[in-house]
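Enquirer: There's a structure below that I have some questions on.
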Amino acid sequence: MPEPVLRVENLIKRYGDVEAVRGVSFSVREGEVFGLLGPNGAGKTSTIEILEGLRNADGGTAVVCGYDPGKQADALKHEIGAALQSTALPDKMRVMEALKLFASFYKRHRQPEELINRFGLEEKRNAFYSQLSGGQKQRLALAIALINDPKVVFLDEPTAGLDPQVRREIYDIIEELKRDKKTIVLTTHYIEEAERLCDRVAIIDHGKVISMGTPQELKQASGDKTRIEVRLTKPESDATLKNLEGVHDCRALNGAYVLHCQRPPQAIVALVKHLETQNNELVSLEIFTPSLEDVFIELTGRRLRD
Amino acid sequence: MTNLITLTGMRVRLALRNKMFFFFSIVMPFGFFFLWLGVFAKGIPAACAFYLGPVVAFNVMGSFWGLSATLVMFREQGILRRFHVAPVSAADMLGSSVIANFALTLPTVLAELLFASLVFHVHTLASLPGILILVAVGTISFGSLGLVIASVTNTMQETQILNQLLWLPLIFLSGATIPLAYLNTTVQRVGLFLPATYLVNALQQTIVYSASPWSRYVEIASLICWMLLTFFLSVQLFRWEPEAKIPRKAKLYVAATAIPFLLLGIVENRSDRVLREAKDAFISLSGAPRSSSSPGVKPGPPSTATNPKAKEVSDDRK
């Protein structure tokens, strides 16, 4: 098994009285795509910024590419690439200029021309940053993150705020990087992103890793149960719904009842019969295949987006 | 060093693509140039020579305004954040800002000197080395003040308020807009605590009397001290992230930038050297001979200017 290229142990970060990161530990192997999945404010960005050498940790240890990000940030920055959340370039900077400028900062770098072609920015090479679409800006951010041929690439919410089509374009690019065996650490609150792109995922909430493994392992650990979300005309006790045949668990979330079922057909039949006896009616019923969202609900009692 | 050069090149290119830059760095300085020399000095060579120093100083001092606003905008838009993740230091980022600012200010100053020579017959070739040294030191030191302002303010609104609070005394109490000799004694005494007063006076003395750079060593040395202090402070207080708010206590560091000119102001208030020089230059408008001589200062050109206020000051002296 290859040596971890990144190792974090018991990482702690405080902002005044708020403890944003509370003892996070994980490691990432070379060539692996590792995801930090969690809701906004879970501590993902703080964790990743400590690993990039942008913030100092208040406790714990971190080693990235053999460097301590807190003490050797200057040397570390030559080995990593990053596409950060909410960054920009000056409006009047041209695409090619940006790549050449960032290339000049590193001891070793790739040819800007090669990255322009790879990220489909040929037609925009002389365009100003302000003239790019959201997707093109994000492609440029990824190209800049790779300009120094980094050993580890950090992608902080790489598709946040992008429309679904552009998001899929970015997924294709990250999958290509994955095929090239790039080590990638990405943060996301999109289930689809974590399931599609990550070899392993750490689910993070309130500054703590609450579960970690491959997406498949996490889903299996939570029983691989189908999620049925129903809305009813009258409120019901979730304890009653939980006792229905085929239902493993039931929680009331935002006006809906979320039922995790091992045998969905039996559960639906039992639910309909029960509602008839209670003179209650279904407003809507949706069935979801098992996902990391269910793992998160089971572990925290909340949705990822809450 | 490579980072400093490439970042400087980038800052120059970005400025040249900005329409606001053309307005504030070319249109406005030349507007002031023709207003002062053409209207206030009525094109009379000796009066034009007197006003050229303040006009150049005005241009040089404006550096701090643009630099602080640009840096705060870069921070608010997350642009600095992008550079932070690359191997770029705060000194690279800030150093490139002041060097680019100097590179962009210098052509305007040279054009002003050229126009002064061609249109208003104020020939500054002999005093060019002194002017260039003062412009370089002035641009970089006032630029560094802009960096400190950007470092201690959290939003663009705060930056503009602080800029305004500093800009008004700098231009009105230093002799940049109203000649120092024209101001009342109390205001003159207050003006001696401002860096702008020394820049204006040194440029005026260099242009009017072809003073050598060596004779202006007090102004040059004090501006260099101030430049080093403000640049050092700006690097220490620099923030890449908009979220990283500066503690109120750190804002007091800005007060430290006043120390060099606080000390110089005390000395100059006792010696009256600057006030005497400013008065002499003002009197030169009326054609009266220069009363005091400073080392390296040649007698001023005979003036054909007629300025009633200058005559008043001259009569007072007699």
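To be explicit about the labels: the chains of the structure tokens are called A, B, and onward in the order shown, and within each one the residues are counted from 1, while ligands get numbers from 1 in the order they are shown.
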Return the neighbours of chain B among the residues of chain A, cut-off 7 Å, counting only C-alpha atoms, as an NGL selection string.

Expert: :A and (54 or 74 or 77-78 or 82 or 86-90 or 92-93 or 101 or 105)

Enquirer: Can you pull out the residues contacting range 153-161 of chain B? Cut-off 7 Å, using only C-alpha atoms, and skip same-chain residues under 5 positions away; I want them as a list in words.

Expert: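 Listed by chain and then number, they are Ala69, Val72, Met73 and Lys245 of chain B.
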
Enquirer: Limited to C-alpha atoms, could you put the picked residues into a file as an mmCIF file, in the first residue's frame?

Expert:
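Result written to part_35.cif:
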```
data_model
loop_
_atom_site.group_PDB
_atom_site.id
_atom_site.type_symbol
_atom_site.label_atom_id
_atom_site.label_comp_id
_atom_site.auth_asym_id
_atom_site.auth_seq_id
_atom_site.Cartn_x
_atom_site.Cartn_y
_atom_site.Cartn_z
ATOM 1 C CA ALA B 69 -8.249 51.484 -2.804
ATOM 2 C CA VAL B 72 -8.666 46.728 -0.516
ATOM 3 C CA MET B 73 -10.638 45.964 -3.689
ATOM 4 C CA LYS B 245 -10.441 41.440 10.450
#
```

Enquirer: If we count only C-alpha atoms and set the cut-off at 8 Å, which residues sit around Ser144 in chain B, ignoring sequence neighbours fewer than 4 positions away in its own chain? Please answer as a PyMOL selection string.

Expert: chain B and resi 64+98+140+148+227+230-231+234

Enquirer: Pick from B:Ile220, B:Met1, B:Val152, B:Leu71: nearest to Gln236 in chain B, with only C-alpha atoms counted?

Expert: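 Counting only C-alpha atoms, the residue closest to Gln236 in chain B is B:Val152.
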
Enquirer: Kindly give the distance, in Å, that separates CA of Asp238 in chain A and CA of Leu292 in chain A, rounded to a single decimal.

Expert: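 According to the coordinates, CA of Asp238 in chain A and CA of Leu292 in chain A are separated by 22.0 Å.
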
Enquirer: Tell me, as a count of residues only, which residues lie within 9 Å of range 193-204 of chain A, counting only C-alpha atoms; anything in the same chain fewer than 3 positions away does not count.

Expert: 41

Enquirer: Taking into account only C-alpha atoms, which residue in the set B:Asn101, B:Thr124, B:Thr139, B:Ser174 is nearest to Leu194 in chain B?

Expert: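 Closest to Leu194 in chain B of all the choices is B:Ser174.
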
Enquirer: Of the candidates B:Leu147, B:Val235, B:Leu168, B:Leu134, which one gets nearest to Tyr198 in chain B if we count only C-alpha atoms?

Expert: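 Looking at the shortest contact to Tyr198 in chain B, the residue is B:Leu134.
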
Enquirer: May I ask which of the residues B:Ala150, B:Ile224, B:Leu94, B:Ile178 is the closest one to Thr8 in chain B, counting only C-alpha atoms?

Expert: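 Ranked by minimum distance to Thr8 in chain B, first place goes to B:Leu94.
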
Enquirer: Just the residues within 10 Å of Phe288 in chain A, please, counting only C-alpha atoms, with nothing from its chain fewer than 5 positions along; format it as a ChimeraX atom specification.

Expert: /A:225-229,260,294

Enquirer: Limited to N, CA and C atoms, could you put the picked residues into a file as a PDB file, in the first residue's frame?

Expert:
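What ended up in result.pdb:
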```
ATOM      1  N   LYS A 225     -30.047   1.262   2.887  1.00  0.00           N
ATOM      2  CA  LYS A 225     -31.524   1.290   2.898  1.00  0.00           C
ATOM      3  C   LYS A 225     -32.075   2.329   1.924  1.00  0.00           C
ATOM      4  N   THR A 226     -33.202   1.993   1.327  1.00  0.00           N
ATOM      5  CA  THR A 226     -33.878   2.923   0.425  1.00  0.00           C
ATOM      6  C   THR A 226     -34.559   4.006   1.258  1.00  0.00           C
ATOM      7  N   ARG A 227     -34.508   5.248   0.750  1.00  0.00           N
ATOM      8  CA  ARG A 227     -35.149   6.338   1.478  1.00  0.00           C
ATOM      9  C   ARG A 227     -36.480   6.680   0.823  1.00  0.00           C
ATOM     10  N   ILE A 228     -37.517   6.723   1.600  1.00  0.00           N
ATOM     11  CA  ILE A 228     -38.830   7.138   1.088  1.00  0.00           C
ATOM     12  C   ILE A 228     -39.237   8.397   1.835  1.00  0.00           C
ATOM     13  N   GLU A 229     -39.514   9.443   1.077  1.00  0.00           N
ATOM     14  CA  GLU A 229     -39.928  10.699   1.710  1.00  0.00           C
ATOM     15  C   GLU A 229     -41.400  10.935   1.418  1.00  0.00           C
ATOM     16  N   HIS A 260     -36.460   5.185   6.236  1.00  0.00           N
ATOM     17  CA  HIS A 260     -35.418   4.336   5.677  1.00  0.00           C
ATOM     18  C   HIS A 260     -35.918   2.893   5.732  1.00  0.00           C
ATOM     19  N   ASP A 294     -28.290   9.681   3.036  1.00  0.00           N
ATOM     20  CA  ASP A 294     -28.940   8.841   4.047  1.00  0.00           C
ATOM     21  C   ASP A 294     -27.991   8.533   5.197  1.00  0.00           C
TER      22      ASP A 294
END
```

Enquirer: Using backbone DSSP assignments, extract all strand (DSSP E or B) residues from range 26-242 of chain A; output them as a PyMOL selection string.

Expert: chain A and resi 26-29+33-37+59-64+67+80-83+94+128+152-156+183-188+200-205+208-213+226-232

Enquirer: Please save C-alpha atoms of the selected residues as a short mmCIF file (atom, residue, chain, number, x, y, z; two decimals), in the first residue's frame.

Expert:
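Saved to result29.cif:
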```cif
data_model
loop_
_atom_site.label_atom_id
_atom_site.label_comp_id
_atom_site.auth_asym_id
_atom_site.auth_seq_id
_atom_site.Cartn_x
_atom_site.Cartn_y
_atom_site.Cartn_z
CA PHE A 26 -7.39 11.29 8.35
CA SER A 27 -4.76 10.39 5.81
CA VAL A 28 -4.66 10.42 2.02
CA ARG A 29 -2.66 8.07 -0.14
CA VAL A 33 -9.28 11.29 -4.48
CA PHE A 34 -10.33 12.05 -0.94
CA GLY A 35 -13.48 13.98 -0.13
CA LEU A 36 -14.50 15.98 2.91
CA LEU A 37 -18.28 15.90 2.81
CA GLY A 59 -3.64 21.94 17.88
CA GLY A 60 -2.81 18.59 16.32
CA THR A 61 -0.37 17.74 13.58
CA ALA A 62 -0.47 17.79 9.80
CA VAL A 63 2.08 16.64 7.25
CA VAL A 64 1.57 17.33 3.54
CA TYR A 67 6.14 19.37 5.07
CA ILE A 80 0.59 21.75 -3.91
CA GLY A 81 -2.05 23.27 -6.14
CA ALA A 82 -5.33 24.75 -4.98
CA ALA A 83 -8.61 26.02 -6.31
CA ARG A 94 -6.15 37.90 -19.73
CA PHE A 128 -10.21 39.23 -19.98
CA VAL A 152 -1.50 17.20 -4.12
CA VAL A 153 -4.39 19.26 -5.47
CA PHE A 154 -6.86 20.86 -3.07
CA LEU A 155 -10.28 21.68 -4.48
CA ASP A 156 -12.51 23.59 -2.11
CA THR A 183 -3.81 13.04 -5.47
CA ILE A 184 -6.84 15.22 -4.85
CA VAL A 185 -8.44 16.44 -1.65
CA LEU A 186 -11.82 18.00 -2.27
CA THR A 187 -14.47 19.48 -0.04
CA THR A 188 -18.10 19.38 -1.05
CA ARG A 200 -12.82 7.71 0.01
CA VAL A 201 -14.96 10.18 1.90
CA ALA A 202 -14.80 11.60 5.40
CA ILE A 203 -18.18 12.87 6.55
CA ILE A 204 -17.56 15.92 8.67
CA ASP A 205 -20.02 17.72 10.92
CA LYS A 208 -15.54 16.36 13.64
CA VAL A 209 -15.16 13.41 11.29
CA ILE A 210 -18.24 11.33 12.04
CA SER A 211 -17.65 8.58 9.48
CA MET A 212 -15.02 7.67 6.91
CA GLY A 213 -14.63 5.09 4.13
CA THR A 226 -33.88 2.92 0.42
CA ARG A 227 -35.15 6.34 1.48
CA ILE A 228 -38.83 7.14 1.09
CA GLU A 229 -39.93 10.70 1.71
CA VAL A 230 -43.64 11.29 2.24
CA ARG A 231 -45.75 14.35 2.94
CA LEU A 232 -49.13 13.84 4.60
#
```

Enquirer: Just the alpha helix (DSSP H) stuff from range 19-264 of chain B, please, per backbone DSSP, written as JSON, numbers by chain.

Expert: {"B": [19, 20, 21, 22, 28, 29, 30, 31, 32, 33, 34, 45, 46, 47, 48, 49, 50, 51, 52, 53, 54, 55, 56, 57, 58, 59, 60, 61, 63, 64, 65, 66, 67, 68, 69, 70, 71, 72, 73, 74, 75, 76, 79, 80, 81, 82, 83, 84, 90, 91, 92, 93, 94, 95, 96, 97, 98, 99, 100, 101, 102, 103, 104, 105, 106, 107, 108, 109, 110, 111, 112, 113, 114, 115, 116, 117, 118, 119, 120, 128, 129, 130, 131, 132, 133, 134, 135, 136, 137, 138, 139, 140, 141, 142, 143, 144, 145, 146, 147, 148, 149, 150, 151, 152, 156, 157, 158, 159, 160, 161, 162, 163, 164, 165, 166, 167, 168, 169, 170, 171, 172, 185, 186, 187, 188, 189, 190, 191, 195, 196, 197, 198, 199, 200, 201, 202, 203, 204, 205, 206, 207, 208, 209, 217, 218, 219, 220, 221, 222, 223, 224, 225, 226, 227, 228, 229, 230, 231, 232, 233, 234, 235, 236, 237, 248, 249, 250, 251, 253, 254, 255, 256, 259, 260, 261, 262, 263, 264]}

Enquirer: Counting only C-alpha atoms, which residue out of B:Met93, B:Gly191, B:Thr185, B:Asp272 sits closest to Phe172 in chain B?

Expert: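 Under the stated criterion, the closest residue is B:Gly191.
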
Enquirer: In Å, how far is it from CA of Asn184 in chain B to CA of Leu223 in chain B?

Expert: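 Result for CA of Asn184 in chain B versus CA of Leu223 in chain B: 25.1 Å, one decimal.
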
Enquirer: Any idea what the distance is between CA of Gly62 in chain B and CA of Leu104 in chain B?

Expert: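 Computing the Euclidean distance for CA of Gly62 in chain B and CA of Leu104 in chain B yields 12.0 Å.
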
Enquirer: Considering only C-alpha atoms, can you say which of B:Glu243, B:Val208, B:Ala57, B:Trp65 comes closest to Leu165 in chain B?

Expert: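 The closest residue to Leu165 in chain B is B:Trp65.
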
Enquirer: Excluding same-chain residues fewer than 3 positions from Thr197 in chain B, what lies within 9 Å of it counting only C-alpha atoms, as a list in words?

Expert: Leu170, Ile171, Leu173, Ser174, Gly175, Ala176, Leu180, Gly191, Leu192, Phe193, Leu194, Val200, Asn201, Ala202 and Val274 of chain B
